[in-house]
Amino acid sequence: MRMLINVPETVVADALRGMAAAHPELTVDVDNRVVMRRDAPVAGKVALVSGGGSGHEPLHAGFVGPGMLSAACPGEVFTSPVPDQMVRAAAAVDSGAGVLFVVKNYTGDVLNFEMAAELAEDEGVQVAKVLVNDDVAVTDSLFTAGRRGTGATLFVEKIAGAAADEGAPLERVEAIAWQVNEASRSFGVALSSVTTPAKGSPTFDLPSGELELGIGIHGEPGRERRPMMTSREIADFAVHAVLDDLQPTSPVLVLVNGMGATPLLELYGFNAEVQRVLSERHVSVARTLVGNYVTSLDMAGCSVTLCQLDEELLRLWDAPVETPALRWGR
């Protein structure tokens, strides 16, 4: 398998050095694996800190900046960051208004962020946490207890980040983050396996002509494996699975997300089918975002995330944001 790397052992450090060179508006601590807003801490503002295994870019470091995260902690590929990273990040970006940890529901992330919260509070940092668990495909997996955290992580970081930038107190930012999570559902599909740098070959066997419905972002098994389906058929299956669980009664925010190796030509075509299903189900769409945002290295595939909105959540979604991977309104 050909990969654009030096050696597997330096993949994350090399990427962070490249990120630092491309984005001088960020402070990138390569040795300690922390990416921060250069202007942090911002006086009087609640700080948002997230993180997770590398390989899901632009999640999370690509969402650091005004309107979203104050800091992100990248772990090794598909491996949780360690508590020391999170504590260092929290201390660096805390203005005294407190820190919200945004945690995807994977066992390693949950345990390490819990430990980090305790350590940070021992150092005088007020910490709140939100656990993102939006995936409707499976309950319990190789990586987690309960539902996995996937595409809704972007919604939580953007909307809660906007509230924090407006000066909302920690309790309010935390409540908004939980509201977004509870209003969001996702479903993912793999058209190919994922290849990690350490292994250098596909991590699971997905024969040509088959796909996996309900895959996780680390290549975890989904609901079932089927012969290859058309974009229309995949949209029917995935969107109905999300809607049957969410049952929205107000307009939704739509994320049509690529898993890393699916080009925009295919994603926009898939979005047309997603919008068709939503129209057939009489679901009003407020905003749509299409692209590779919550990825799984070189996996071909897609995911759909819907978030049921009220007026405040829509206003916060539309609020200005300026990060490497998401920017508008500034």
# chains A, B, ... in the order shown; residues from 1 in each chain; ligands from 1

call {"tool": "closest_atom_pairs", "arguments": {"of": "range 242-306 of chain A", "to": "range 315-319 of chain A", "cutoff": "12 Å", "atoms": "only C-alpha atoms", "output": "tab-separated table"}}
result
residue	atom	partner	partner_atom	distance
A:Val252	CA	A:Trp317	CA	11.5
A:Leu253	CA	A:Trp317	CA	9.0
A:Val254	CA	A:Trp317	CA	11.6
A:Ala286	CA	A:Trp317	CA	10.5
A:Arg287	CA	A:Trp317	CA	9.0
A:Thr288	CA	A:Trp317	CA	11.0
A:Leu289	CA	A:Trp317	CA	11.2

call {"tool": "closest_atom_pairs", "arguments": {"of": "range 15-125 of chain A", "to": "range 170-175 of chain A", "cutoff": "12 Å", "atoms": "only C-alpha atoms", "output": "Markdown table"}}
result
| residue | atom | partner | partner_atom | distance |
| --- | --- | --- | --- | --- |
| A:Gly44 | CA | A:Leu170 | CA | 10.5 |
| A:Lys45 | CA | A:Leu170 | CA | 8.8 |
| A:Val46 | CA | A:Leu170 | CA | 5.9 |
| A:Ala47 | CA | A:Leu170 | CA | 8.7 |
| A:Leu48 | CA | A:Val173 | CA | 9.3 |
| A:Met68 | CA | A:Val173 | CA | 11.8 |
| A:Asp94 | CA | A:Leu170 | CA | 11.4 |
| A:Ser95 | CA | A:Leu170 | CA | 11.6 |
| A:Gly96 | CA | A:Leu170 | CA | 10.4 |
| A:Ala97 | CA | A:Leu170 | CA | 6.8 |
| A:Gly98 | CA | A:Leu170 | CA | 6.1 |
| A:Val99 | CA | A:Leu170 | CA | 7.2 |
| A:Leu100 | CA | A:Glu174 | CA | 6.7 |
| A:Phe101 | CA | A:Glu174 | CA | 9.1 |
| A:Val102 | CA | A:Glu174 | CA | 9.4 |
| A:Val125 | CA | A:Leu170 | CA | 11.8 |

call {"tool": "closest_residue", "arguments": {"among": "A:Phe63, A:Thr10, A:Val77, A:His240", "to": "Val156 in chain A", "atoms": "only C-alpha atoms"}}
result
A:Phe63

call {"tool": "select_by_dssp", "arguments": {"residues": "range 123-274 of chain A", "states": "strand (DSSP E)", "output": "number ranges by chain"}}
result
A: 127-132, 184-190, 210-213, 224-227, 252-258

call {"tool": "closest_residue", "arguments": {"among": "A:Lys199, A:Ala163, A:Lys104, A:Leu314", "to": "Arg2 in chain A", "atoms": "only C-alpha atoms"}}
result
A:Lys199

call {"tool": "residues_around", "arguments": {"residues": "Ala20 in chain A", "least_positions_apart": "4", "cutoff": "12 Å", "atoms": "only C-alpha atoms", "output": "list in words"}}
result
Ala13, Asp14, Ala15, Leu16, Pro24, Glu25, Leu26, Thr27, Val28, Asp29, Val30, Arg33, Val34, Val35, Met36, Arg37, Arg38, Ala61, Gly62 and Pro324 of chain A

call {"tool": "residues_around", "arguments": {"residues": "Thr249 in chain A", "least_positions_apart": "5", "cutoff": "10 Å", "atoms": "only C-alpha atoms", "output": "list in words"}}
result
His282, Val283, Ser284, Gln308 and Leu309 of chain A
